[in-house]
$ cat run29.cif   # mmCIF, C-alpha atoms
data_target
loop_
_atom_site.group_PDB
_atom_site.id
_atom_site.type_symbol
_atom_site.label_atom_id
_atom_site.label_comp_id
_atom_site.auth_asym_id
_atom_site.auth_seq_id
_atom_site.Cartn_x
_atom_site.Cartn_y
_atom_site.Cartn_z
ATOM 1 C CA ILE A 97 -36.316 11.817 25.129
ATOM 2 C CA ILE A 98 -32.699 11.676 23.967
ATOM 3 C CA ASP A 99 -30.830 14.962 24.365
ATOM 4 C CA SER A 100 -27.071 14.712 24.092
ATOM 5 C CA SER A 101 -24.007 16.687 23.089
ATOM 6 C CA VAL A 102 -21.556 13.890 23.889
ATOM 7 C CA LEU A 103 -22.736 10.918 21.839
ATOM 8 C CA THR A 104 -20.590 9.949 18.842
ATOM 9 C CA GLY A 105 -20.730 7.284 16.165
ATOM 10 C CA THR A 106 -23.483 6.500 13.685
ATOM 11 C CA LEU A 107 -27.247 6.144 13.828
ATOM 12 C CA SER A 108 -27.835 2.476 13.101
ATOM 13 C CA GLY A 109 -30.893 0.706 11.810
ATOM 14 C CA GLY A 110 -31.528 -0.486 15.358
ATOM 15 C CA ILE A 111 -32.999 2.922 16.080
ATOM 16 C CA ASN A 112 -36.335 1.487 14.981
ATOM 17 C CA ASN A 113 -36.588 -0.164 18.421
ATOM 18 C CA LEU A 114 -37.171 3.256 20.012
ATOM 19 C CA GLN A 115 -40.772 3.496 18.913
ATOM 20 C CA SER A 116 -41.868 5.350 22.072
ATOM 21 C CA LEU A 117 -39.257 8.082 21.575
ATOM 22 C CA SER A 118 -40.834 11.533 21.291
ATOM 23 C CA HIS A 119 -37.773 13.842 21.142
ATOM 24 C CA LEU A 120 -34.397 13.163 19.528
ATOM 25 C CA ASP A 121 -31.879 15.991 19.938
ATOM 26 C CA LEU A 122 -28.282 15.194 18.976
ATOM 27 C CA ARG A 123 -25.737 18.019 19.040
ATOM 28 C CA SER A 124 -22.624 15.936 18.651
ATOM 29 C CA ASP A 125 -20.323 14.280 16.140
ATOM 30 C CA ILE A 126 -22.855 11.897 14.625
ATOM 31 C CA SER A 127 -21.473 10.496 11.386
ATOM 32 C CA GLY A 128 -22.796 8.368 8.568
ATOM 33 C CA THR A 129 -26.270 8.786 7.116
ATOM 34 C CA LEU A 130 -29.813 9.069 8.402
ATOM 35 C CA PRO A 131 -31.079 5.463 8.411
ATOM 36 C CA THR A 132 -34.344 4.702 6.649
ATOM 37 C CA GLU A 133 -35.449 2.983 9.853
ATOM 38 C CA ILE A 134 -35.948 6.412 11.406
ATOM 39 C CA GLY A 135 -39.372 6.271 9.791
ATOM 40 C CA ALA A 136 -40.388 3.696 12.411
ATOM 41 C CA LEU A 137 -40.239 6.243 15.259
ATOM 42 C CA SER A 138 -43.966 6.861 15.107
ATOM 43 C CA ALA A 139 -44.133 8.846 18.382
ATOM 44 C CA LEU A 140 -41.432 11.338 17.386
ATOM 45 C CA THR A 141 -42.490 14.989 17.635
ATOM 46 C CA SER A 142 -39.063 16.650 17.291
ATOM 47 C CA LEU A 143 -35.940 15.555 15.432
ATOM 48 C CA HIS A 144 -32.941 17.863 15.877
ATOM 49 C CA ILE A 145 -29.441 16.942 14.695
ATOM 50 C CA LEU A 146 -26.389 19.203 14.564
ATOM 51 C CA SER A 147 -23.381 17.428 13.070
ATOM 52 C CA PHE A 148 -20.833 18.359 10.395
ATOM 53 C CA SER A 149 -20.224 14.636 9.863
ATOM 54 C CA LEU A 150 -23.759 13.701 8.841
ATOM 55 C CA THR A 151 -23.799 12.840 5.117
ATOM 56 C CA GLY A 152 -26.134 11.409 2.499
ATOM 57 C CA THR A 153 -29.719 12.476 1.894
ATOM 58 C CA ILE A 154 -32.931 12.917 3.854
ATOM 59 C CA PRO A 155 -34.701 9.553 3.628
ATOM 60 C CA THR A 156 -38.209 9.646 2.209
ATOM 61 C CA GLU A 157 -39.316 7.457 5.127
ATOM 62 C CA ILE A 158 -39.267 10.588 7.265
ATOM 63 C CA GLY A 159 -42.649 11.294 5.709
ATOM 64 C CA THR A 160 -44.173 8.582 7.919
ATOM 65 C CA LEU A 161 -43.471 10.540 11.124
ATOM 66 C CA THR A 162 -46.981 11.958 11.253
ATOM 67 C CA LYS A 163 -46.590 13.438 14.769
ATOM 68 C CA LEU A 164 -43.463 15.401 13.895
ATOM 69 C CA LYS A 165 -43.716 19.117 14.730
ATOM 70 C CA SER A 166 -40.079 20.195 14.376
ATOM 71 C CA LEU A 167 -37.381 18.921 11.998
ATOM 72 C CA GLN A 168 -33.997 20.645 12.311
ATOM 73 C CA LEU A 169 -30.888 19.363 10.549
ATOM 74 C CA ASN A 170 -28.190 21.951 11.235
ATOM 75 C CA GLN A 171 -24.586 22.362 10.055
ATOM 76 C CA THR A 172 -24.622 19.018 8.271
ATOM 77 C CA SER A 173 -22.761 17.689 5.247
ATOM 78 C CA LEU A 174 -25.938 16.352 3.707
ATOM 79 C CA GLU A 175 -26.356 16.755 -0.045
ATOM 80 C CA THR A 176 -30.040 16.336 -0.523
ATOM 81 C CA SER A 177 -33.281 17.447 -2.065
ATOM 82 C CA ILE A 178 -36.292 18.291 0.098
ATOM 83 C CA PRO A 179 -38.499 15.192 0.017
ATOM 84 C CA THR A 180 -42.065 15.826 -1.107
ATOM 85 C CA GLU A 181 -43.006 13.252 1.519
ATOM 86 C CA LEU A 182 -42.664 16.061 4.074
ATOM 87 C CA LEU A 183 -46.024 17.302 2.793
ATOM 88 C CA ARG A 184 -47.616 14.333 4.542
ATOM 89 C CA LEU A 185 -46.569 15.750 7.907
ATOM 90 C CA THR A 186 -49.678 17.758 8.675
ATOM 91 C CA ASP A 187 -48.438 18.727 12.173
ATOM 92 C CA LEU A 188 -45.010 19.976 11.042
ATOM 93 C CA GLU A 189 -44.504 23.595 12.149
ATOM 94 C CA HIS A 190 -40.727 24.129 11.983
ATOM 95 C CA LEU A 191 -38.513 22.951 9.103
ATOM 96 C CA GLN A 192 -34.844 23.934 9.293
ATOM 97 C CA ILE A 193 -32.152 22.432 7.068
ATOM 98 C CA PHE A 194 -28.552 23.582 6.603
ATOM 99 C CA ALA A 195 -27.090 21.374 3.893
ATOM 100 C CA VAL A 196 -26.124 21.344 0.237
ATOM 101 C CA LEU A 197 -29.681 21.496 -1.070
ATOM 102 C CA THR A 198 -30.529 20.291 -4.573
ATOM 103 C CA GLY A 199 -33.574 19.701 -6.731
ATOM 104 C CA VAL A 200 -36.792 21.703 -6.773
ATOM 105 C CA PHE A 201 -38.441 23.261 -3.743
ATOM 106 C CA PRO A 202 -41.871 21.641 -3.101
ATOM 107 C CA SER A 203 -44.102 24.669 -3.702
ATOM 108 C CA GLN A 204 -47.050 23.175 -1.807
ATOM 109 C CA ILE A 205 -45.144 23.867 1.417
ATOM 110 C CA TRP A 206 -46.345 27.473 1.088
ATOM 111 C CA VAL A 207 -49.928 26.405 1.685
ATOM 112 C CA GLN A 208 -49.299 23.607 4.187
ATOM 113 C CA PRO A 209 -51.644 24.486 7.088
ATOM 114 C CA SER A 210 -49.252 23.698 9.952
ATOM 115 C CA PHE A 211 -46.044 25.403 8.758
ATOM 116 C CA GLN A 212 -44.846 28.471 10.670
ATOM 117 C CA VAL A 213 -41.035 28.459 10.320
ATOM 118 C CA LEU A 214 -38.987 27.630 7.214
ATOM 119 C CA ILE A 215 -35.201 28.032 7.399
ATOM 120 C CA LEU A 216 -33.044 26.719 4.549
ATOM 121 C CA GLY A 217 -29.365 27.450 4.005
ATOM 122 C CA GLY A 218 -25.969 26.061 3.215
ATOM 123 C CA GLY A 219 -25.809 26.631 -0.524
ATOM 124 C CA GLY A 220 -26.441 24.182 -3.336
ATOM 125 C CA SER A 221 -28.600 24.318 -6.441
ATOM 126 C CA LEU A 222 -32.067 24.266 -4.901
ATOM 127 C CA LYS A 223 -34.522 26.009 -7.235
ATOM 128 C CA GLY A 224 -37.834 27.489 -6.282
ATOM 129 C CA SER A 225 -40.207 30.416 -6.502
ATOM 130 C CA PHE A 226 -42.862 32.131 -4.450
ATOM 131 C CA PRO A 227 -46.583 31.554 -4.908
ATOM 132 C CA SER A 228 -48.418 34.011 -7.083
ATOM 133 C CA MET A 229 -51.397 32.125 -8.482
ATOM 134 C CA PHE A 230 -52.523 30.499 -5.258
ATOM 135 C CA GLU A 231 -53.065 31.694 -1.714
ATOM 136 C CA TRP A 232 -50.368 31.792 0.945
ATOM 137 C CA LYS A 233 -51.101 30.139 4.211
ATOM 138 C CA THR A 234 -51.099 33.175 6.468
ATOM 139 C CA ASN A 235 -49.576 32.031 9.776
ATOM 140 C CA TRP A 236 -45.931 32.046 8.634
ATOM 141 C CA ARG A 237 -43.645 33.528 11.313
ATOM 142 C CA LYS A 238 -40.148 33.071 9.881
ATOM 143 C CA ILE A 239 -39.005 32.514 6.289
ATOM 144 C CA HIS A 240 -35.234 32.233 5.755
ATOM 145 C CA LEU A 241 -34.132 31.177 2.268
ATOM 146 C CA GLU A 242 -30.493 32.126 1.940
ATOM 147 C CA GLU A 243 -28.005 31.222 -0.793
ATOM 148 C CA SER A 244 -30.521 29.248 -2.824
ATOM 149 C CA ILE A 245 -31.801 29.843 -6.357
ATOM 150 C CA PHE A 246 -35.242 31.245 -5.656
ATOM 151 C CA GLU A 247 -36.179 33.267 -8.692
ATOM 152 C CA GLY A 248 -38.986 35.336 -10.094
ATOM 153 C CA PHE A 249 -40.794 38.113 -8.274
ATOM 154 C CA LEU A 250 -41.869 38.728 -4.715
ATOM 155 C CA PRO A 251 -45.653 38.483 -5.135
ATOM 156 C CA THR A 252 -47.965 41.225 -3.942
ATOM 157 C CA THR A 253 -49.846 38.569 -1.956
ATOM 158 C CA ILE A 254 -46.935 38.484 0.490
ATOM 159 C CA GLY A 255 -48.771 41.260 2.322
ATOM 160 C CA ARG A 256 -51.183 38.647 3.652
ATOM 161 C CA LEU A 257 -48.474 37.313 5.981
ATOM 162 C CA THR A 258 -49.454 39.592 8.846
ATOM 163 C CA GLU A 259 -47.885 37.303 11.489
ATOM 164 C CA LEU A 260 -44.482 37.214 9.763
ATOM 165 C CA LYS A 261 -41.593 38.286 12.015
ATOM 166 C CA GLU A 262 -38.562 37.556 9.830
ATOM 167 C CA LEU A 263 -38.129 37.480 6.050
ATOM 168 C CA ARG A 264 -34.529 36.706 5.023
ATOM 169 C CA LEU A 265 -33.975 36.063 1.305
ATOM 170 C CA ARG A 266 -30.284 36.888 0.904
ATOM 171 C CA SER A 267 -28.397 35.771 -2.224
ATOM 172 C CA ASN A 268 -31.183 34.467 -4.414
ATOM 173 C CA GLU A 269 -32.240 35.535 -7.922
ATOM 174 C CA LEU A 270 -35.330 37.564 -7.138
ATOM 175 C CA ARG A 271 -35.989 40.361 -9.621
ATOM 176 C CA GLY A 272 -38.405 43.211 -10.168
ATOM 177 C CA THR A 273 -39.174 45.765 -7.474
ATOM 178 C CA ILE A 274 -39.783 45.604 -3.750
ATOM 179 C CA PRO A 275 -43.566 45.243 -3.457
ATOM 180 C CA THR A 276 -45.340 47.950 -1.485
ATOM 181 C CA GLU A 277 -47.511 45.194 -0.001
ATOM 182 C CA LEU A 278 -44.595 44.188 2.243
ATOM 183 C CA ALA A 279 -45.754 47.068 4.429
ATOM 184 C CA GLU A 280 -48.829 45.001 5.286
ATOM 185 C CA CYS A 281 -46.605 42.520 7.162
ATOM 186 C CA ILE A 282 -47.106 44.722 10.197
ATOM 187 C CA GLY A 283 -45.240 42.485 12.649
ATOM 188 C CA LEU A 284 -42.051 42.284 10.560
ATOM 189 C CA GLU A 285 -38.888 42.714 12.655
ATOM 190 C CA ALA A 286 -36.174 41.600 10.209
ATOM 191 C CA LEU A 287 -36.083 42.075 6.422
ATOM 192 C CA ASP A 288 -33.105 40.930 4.327
ATOM 193 C CA LEU A 289 -33.316 41.157 0.528
ATOM 194 C CA SER A 290 -29.553 41.550 -0.078
ATOM 195 C CA GLY A 291 -27.850 39.984 -3.073
ATOM 196 C CA ASN A 292 -30.895 39.799 -5.349
ATOM 197 C CA ILE A 293 -31.667 41.505 -8.675
ATOM 198 C CA LEU A 294 -34.156 43.993 -7.295
ATOM 199 C CA ARG A 295 -34.431 47.487 -8.765
ATOM 200 C CA GLY A 296 -36.447 50.629 -8.329
ATOM 201 C CA SER A 297 -36.982 52.699 -5.225
ATOM 202 C CA LEU A 298 -37.735 51.925 -1.617
ATOM 203 C CA PRO A 299 -41.527 51.986 -1.153
ATOM 204 C CA SER A 300 -42.493 54.763 1.226
ATOM 205 C CA GLU A 301 -45.088 52.355 2.636
ATOM 206 C CA LEU A 302 -42.274 50.455 4.384
ATOM 207 C CA GLY A 303 -42.231 53.328 6.849
ATOM 208 C CA ASN A 304 -45.353 51.727 8.337
ATOM 209 C CA LEU A 305 -43.337 48.726 9.597
ATOM 210 C CA GLY A 306 -43.134 50.044 13.132
ATOM 211 C CA SER A 307 -41.706 46.780 14.508
ATOM 212 C CA LEU A 308 -38.763 46.651 12.073
ATOM 213 C CA ILE A 309 -35.378 46.232 13.808
ATOM 214 C CA THR A 310 -33.015 45.229 10.979
ATOM 215 C CA LEU A 311 -33.136 46.098 7.273
ATOM 216 C CA GLU A 312 -30.593 44.592 4.846
ATOM 217 C CA LEU A 313 -30.574 45.726 1.214
ATOM 218 C CA GLU A 314 -26.928 45.292 0.258
ATOM 219 C CA GLY A 315 -26.039 44.737 -3.391
ATOM 220 C CA LEU A 316 -29.387 45.785 -4.844
ATOM 221 C CA GLN A 317 -29.768 48.143 -7.789
ATOM 222 C CA ILE A 318 -32.140 50.450 -5.978
ATOM 223 C CA ASP A 319 -32.460 54.183 -5.600
ATOM 224 C CA PRO A 320 -30.544 54.956 -2.384
ATOM 225 C CA ASN A 321 -32.872 57.805 -1.381
ATOM 226 C CA ILE A 322 -34.551 57.024 1.921
ATOM 227 C CA PRO A 323 -38.276 57.934 1.993
ATOM 228 C CA GLY A 324 -39.279 60.451 4.652
ATOM 229 C CA SER A 325 -41.695 57.889 6.111
ATOM 230 C CA PHE A 326 -38.699 55.878 7.380
ATOM 231 C CA SER A 327 -38.442 58.372 10.232
ATOM 232 C CA ASN A 328 -41.322 56.374 11.754
ATOM 233 C CA LEU A 329 -39.081 53.295 12.126
ATOM 234 C CA THR A 330 -38.058 54.138 15.662
ATOM 235 C CA ARG A 331 -37.144 50.538 16.539
ATOM 236 C CA LEU A 332 -34.666 50.260 13.648
ATOM 237 C CA ARG A 333 -31.195 49.336 14.958
ATOM 238 C CA GLY A 334 -29.304 48.046 11.934
ATOM 239 C CA VAL A 335 -29.217 48.812 8.219
ATOM 240 C CA LEU A 336 -27.141 47.295 5.411
ATOM 241 C CA GLY A 337 -27.304 48.906 2.002
ATOM 242 C CA PRO A 338 -25.680 51.259 -0.507
ATOM 243 C CA ARG A 339 -22.909 53.556 0.719
ATOM 244 C CA ALA A 340 -25.281 56.504 0.244
ATOM 245 C CA PHE A 341 -27.389 55.225 3.155
ATOM 246 C CA CYS A 342 -24.626 56.448 5.464
ATOM 247 C CA ASP A 343 -25.331 60.029 4.387
ATOM 248 C CA SER A 344 -29.062 59.784 4.970
ATOM 249 C CA THR A 345 -30.357 62.504 7.274
ATOM 250 C CA ILE A 346 -33.268 60.269 8.232
ATOM 251 C CA LEU A 347 -31.138 57.276 9.205
ATOM 252 C CA VAL A 348 -28.239 59.112 10.837
ATOM 253 C CA GLU A 349 -29.798 62.216 12.383
ATOM 254 C CA GLN A 350 -33.441 61.353 12.963
ATOM 255 C CA LEU A 351 -33.059 57.665 13.870
ATOM 256 C CA GLY A 352 -29.618 58.012 15.450
ATOM 257 C CA LEU A 353 -27.910 55.191 13.548
ATOM 258 C CA THR A 354 -24.130 55.396 13.598
ATOM 259 C CA CYS A 355 -22.173 54.927 10.384
ATOM 260 C CA ARG A 356 -19.361 52.416 10.659
ATOM 261 C CA LYS A 357 -17.076 54.427 8.406
ATOM 262 C CA GLU A 358 -15.204 55.462 11.530
ATOM 263 C CA ARG A 359 -14.104 51.858 11.881
ATOM 264 C CA ASP A 360 -14.370 50.429 8.381
ATOM 265 C CA ARG A 361 -13.263 52.334 5.294
ATOM 266 C CA SER A 362 -15.390 50.067 3.082
ATOM 267 C CA CYS A 363 -18.482 50.996 5.040
ATOM 268 C CA ARG A 364 -21.762 49.713 3.633
ATOM 269 C CA CYS A 365 -23.866 49.799 6.754
ATOM 270 C CA LEU A 366 -25.183 51.606 9.755
ATOM 271 C CA LEU A 367 -25.463 50.004 13.156
#
$ encode --input "run29.cif" --output "structure tokens"
Amino acid sequence: IIDSSVLTGTLSGGINNLQSLSHLDLRSDISGTLPTEIGALSALTSLHILSFSLTGTIPTEIGTLTKLKSLQLNQTSLETSIPTELLRLTDLEHLQIFAVLTGVFPSQIWVQPSFQVLILGGGGSLKGSFPSMFEWKTNWRKIHLEESIFEGFLPTTIGRLTELKELRLRSNELRGTIPTELAECIGLEALDLSGNILRGSLPSELGNLGSLITLELEGLQIDPNIPGSFSNLTRLRGVLGPRAFCDSTILVEQLGLTCRKERDRSCRCLL
């Protein structure tokens, strides 16, 4: 196990000598690139790096780390695609990358049996879409795809993700309407669809999401009328959306959310 917030310098090719290493957690000023030799760390189960100075791409050799369960590359300066070689990692549960992401999102990730958490951010030109013609794998817990170019529609099959806790899709190019089937994600605690091209009205069925804590719908072209069923969302603590939300009897009076207009003249939320 290597867990350090004080190490600096680069990761050299000599890292391939650490073949018994199971955890590599570097939260420090690591610079340079990820060496291809990292693929020799056959015992590695978690690889976590947080460094603004890390550049280059994700080496395809990372697909040889067959015991890897968690890959987190946070706050990096990588400019990279997502290697399809990650699909070889049949034990991988948590994939988290904050970088300038490019290329095409490997759609088979959606049906990879082991995946539970997918968090991608940092901007870039990454393109992708959600599955509609094939089945989701149903044990997803967190899906964060922010500031990417995911396009198309949210499929009705998303309702099969009954273990999903967080769905954050801010600033993509999703269009169409909000599917009523989202209400079948009964464990959902956080929903963020802000900054997409979604239209229509809020499905009344979303009032069945009794675990929902935060709801973010800012910048959508939706009907601002709040369905009466939202009075059932007693755990709701934060809402972002059209200015009209702040005048909602259901949100303000029945759920007790406080409009921030007292503090912010450009109010677009309730907290």
$ closest_residue --input "run29.cif" --among "A:Leu188, A:Ile318, A:Ile145, A:Leu197" --to "Ser210 of chain A" --atoms "only C-alpha atoms"
A:Leu188
$ closest_residue --input "run29.cif" --among "A:Thr106, A:Thr345, A:Ser297, A:Gln168" --to "Ile215 of chain A" --atoms "all atoms listed in the file"
A:Gln168
$ closest_residue --input "run29.cif" --among "A:Asp125, A:Leu164, A:Val348, A:Pro131" --to "Ile111 of chain A" --atoms "all atoms listed in the file"
A:Pro131
$ closest_atom_pairs --input "run29.cif" --of "segment 154-259 of chain A" --to "segment 300-311 of chain A" --cutoff "12 Å" --atoms "all atoms listed in the file" --output "JSON lines"
{"residue": "A:Gly255", "atom": "CA", "partner": "A:Leu302", "partner_atom": "CA", "distance": 11.4}
{"residue": "A:Thr258", "atom": "CA", "partner": "A:Leu305", "partner_atom": "CA", "distance": 11.0}
{"residue": "A:Glu259", "atom": "CA", "partner": "A:Ser307", "partner_atom": "CA", "distance": 11.7}
$ resolve_selection --input "run29.cif" --expression "the PyMOL selection byres ((chain A and resi 139) around 7)" --output "PyMOL selection string"
chain A and resi 115-118+137-138+140-141+163
$ atom_distance --input "run29.cif" --atom1 "atom CA of Pro155 of chain A" --atom2 "atom CA of Thr132 of chain A"
5.7 Å
$ closest_residue --input "run29.cif" --among "A:Leu182, A:Phe249, A:Val196, A:Leu289" --to "Arg266 of chain A" --atoms "all atoms listed in the file"
A:Leu289
$ closest_residue --input "run29.cif" --among "A:Thr253, A:Ser108, A:Thr354, A:Ser244" --to "Ser228 of chain A" --atoms "all atoms listed in the file"
A:Thr253
$ decode --input "run29.cif" --residues "segment 103-124 of chain A" --atoms "N, CA, C and O atoms" --output "compact mmCIF listing (two decimals), in the first residue's frame"
# COMPACT_ATOMS: atom_id res chain seq x y z
N LEU A 103 4.45 13.05 -1.49
CA LEU A 103 5.37 12.68 -2.54
C LEU A 103 5.25 13.65 -3.72
O LEU A 103 4.16 14.10 -4.06
N THR A 104 6.37 13.96 -4.35
CA THR A 104 6.39 14.79 -5.55
C THR A 104 7.24 14.10 -6.61
O THR A 104 7.85 13.06 -6.36
N GLY A 105 7.29 14.71 -7.79
CA GLY A 105 8.10 14.13 -8.85
C GLY A 105 7.25 13.41 -9.88
O GLY A 105 6.06 13.69 -10.03
N THR A 106 7.85 12.46 -10.57
CA THR A 106 7.16 11.73 -11.62
C THR A 106 7.06 10.25 -11.27
O THR A 106 7.81 9.74 -10.43
N LEU A 107 6.12 9.58 -11.92
CA LEU A 107 6.03 8.12 -11.82
C LEU A 107 6.91 7.54 -12.93
O LEU A 107 6.61 7.71 -14.11
N SER A 108 7.97 6.88 -12.56
CA SER A 108 8.91 6.38 -13.56
C SER A 108 8.55 4.95 -13.96
O SER A 108 7.73 4.29 -13.34
N GLY A 109 9.22 4.50 -15.01
CA GLY A 109 9.00 3.14 -15.48
C GLY A 109 9.38 2.09 -14.46
O GLY A 109 8.93 0.95 -14.53
N GLY A 110 10.22 2.48 -13.48
CA GLY A 110 10.62 1.55 -12.43
C GLY A 110 9.49 1.10 -11.53
O GLY A 110 9.66 0.19 -10.71
N ILE A 111 8.32 1.70 -11.72
CA ILE A 111 7.17 1.31 -10.91
C ILE A 111 6.78 -0.15 -11.14
O ILE A 111 6.13 -0.78 -10.32
N ASN A 112 7.25 -0.70 -12.26
CA ASN A 112 6.89 -2.09 -12.56
C ASN A 112 7.54 -3.08 -11.60
O ASN A 112 7.21 -4.27 -11.63
N ASN A 113 8.44 -2.61 -10.73
CA ASN A 113 9.05 -3.48 -9.73
C ASN A 113 8.12 -3.71 -8.53
O ASN A 113 8.40 -4.58 -7.70
N LEU A 114 7.04 -2.95 -8.45
CA LEU A 114 6.13 -3.04 -7.30
C LEU A 114 4.97 -3.98 -7.62
O LEU A 114 3.80 -3.64 -7.47
N GLN A 115 5.29 -5.18 -8.03
CA GLN A 115 4.26 -6.08 -8.52
C GLN A 115 3.38 -6.67 -7.43
O GLN A 115 2.35 -7.27 -7.74
N SER A 116 3.74 -6.47 -6.15
CA SER A 116 2.90 -6.93 -5.05
C SER A 116 2.01 -5.82 -4.52
O SER A 116 1.21 -6.04 -3.60
N LEU A 117 2.12 -4.63 -5.09
CA LEU A 117 1.37 -3.47 -4.62
C LEU A 117 -0.12 -3.66 -4.89
O LEU A 117 -0.53 -3.95 -6.01
N SER A 118 -0.95 -3.45 -3.86
CA SER A 118 -2.39 -3.62 -4.05
C SER A 118 -3.14 -2.29 -4.09
O SER A 118 -4.19 -2.20 -4.73
N HIS A 119 -2.62 -1.26 -3.40
CA HIS A 119 -3.28 0.05 -3.37
C HIS A 119 -2.26 1.14 -3.64
O HIS A 119 -1.23 1.21 -2.97
N LEU A 120 -2.57 2.02 -4.59
CA LEU A 120 -1.72 3.16 -4.89
C LEU A 120 -2.59 4.41 -4.82
O LEU A 120 -3.49 4.60 -5.64
N ASP A 121 -2.36 5.24 -3.81
CA ASP A 121 -3.17 6.43 -3.56
C ASP A 121 -2.23 7.62 -3.42
O ASP A 121 -1.55 7.77 -2.41
N LEU A 122 -2.18 8.46 -4.45
CA LEU A 122 -1.27 9.60 -4.48
C LEU A 122 -2.07 10.89 -4.57
O LEU A 122 -2.67 11.18 -5.60
N ARG A 123 -2.10 11.65 -3.50
CA ARG A 123 -2.77 12.95 -3.48
C ARG A 123 -1.70 14.01 -3.29
O ARG A 123 -1.55 14.59 -2.22
N SER A 124 -0.93 14.22 -4.33
CA SER A 124 0.21 15.12 -4.23
C SER A 124 0.55 15.64 -5.61
O SER A 124 -0.16 15.38 -6.59
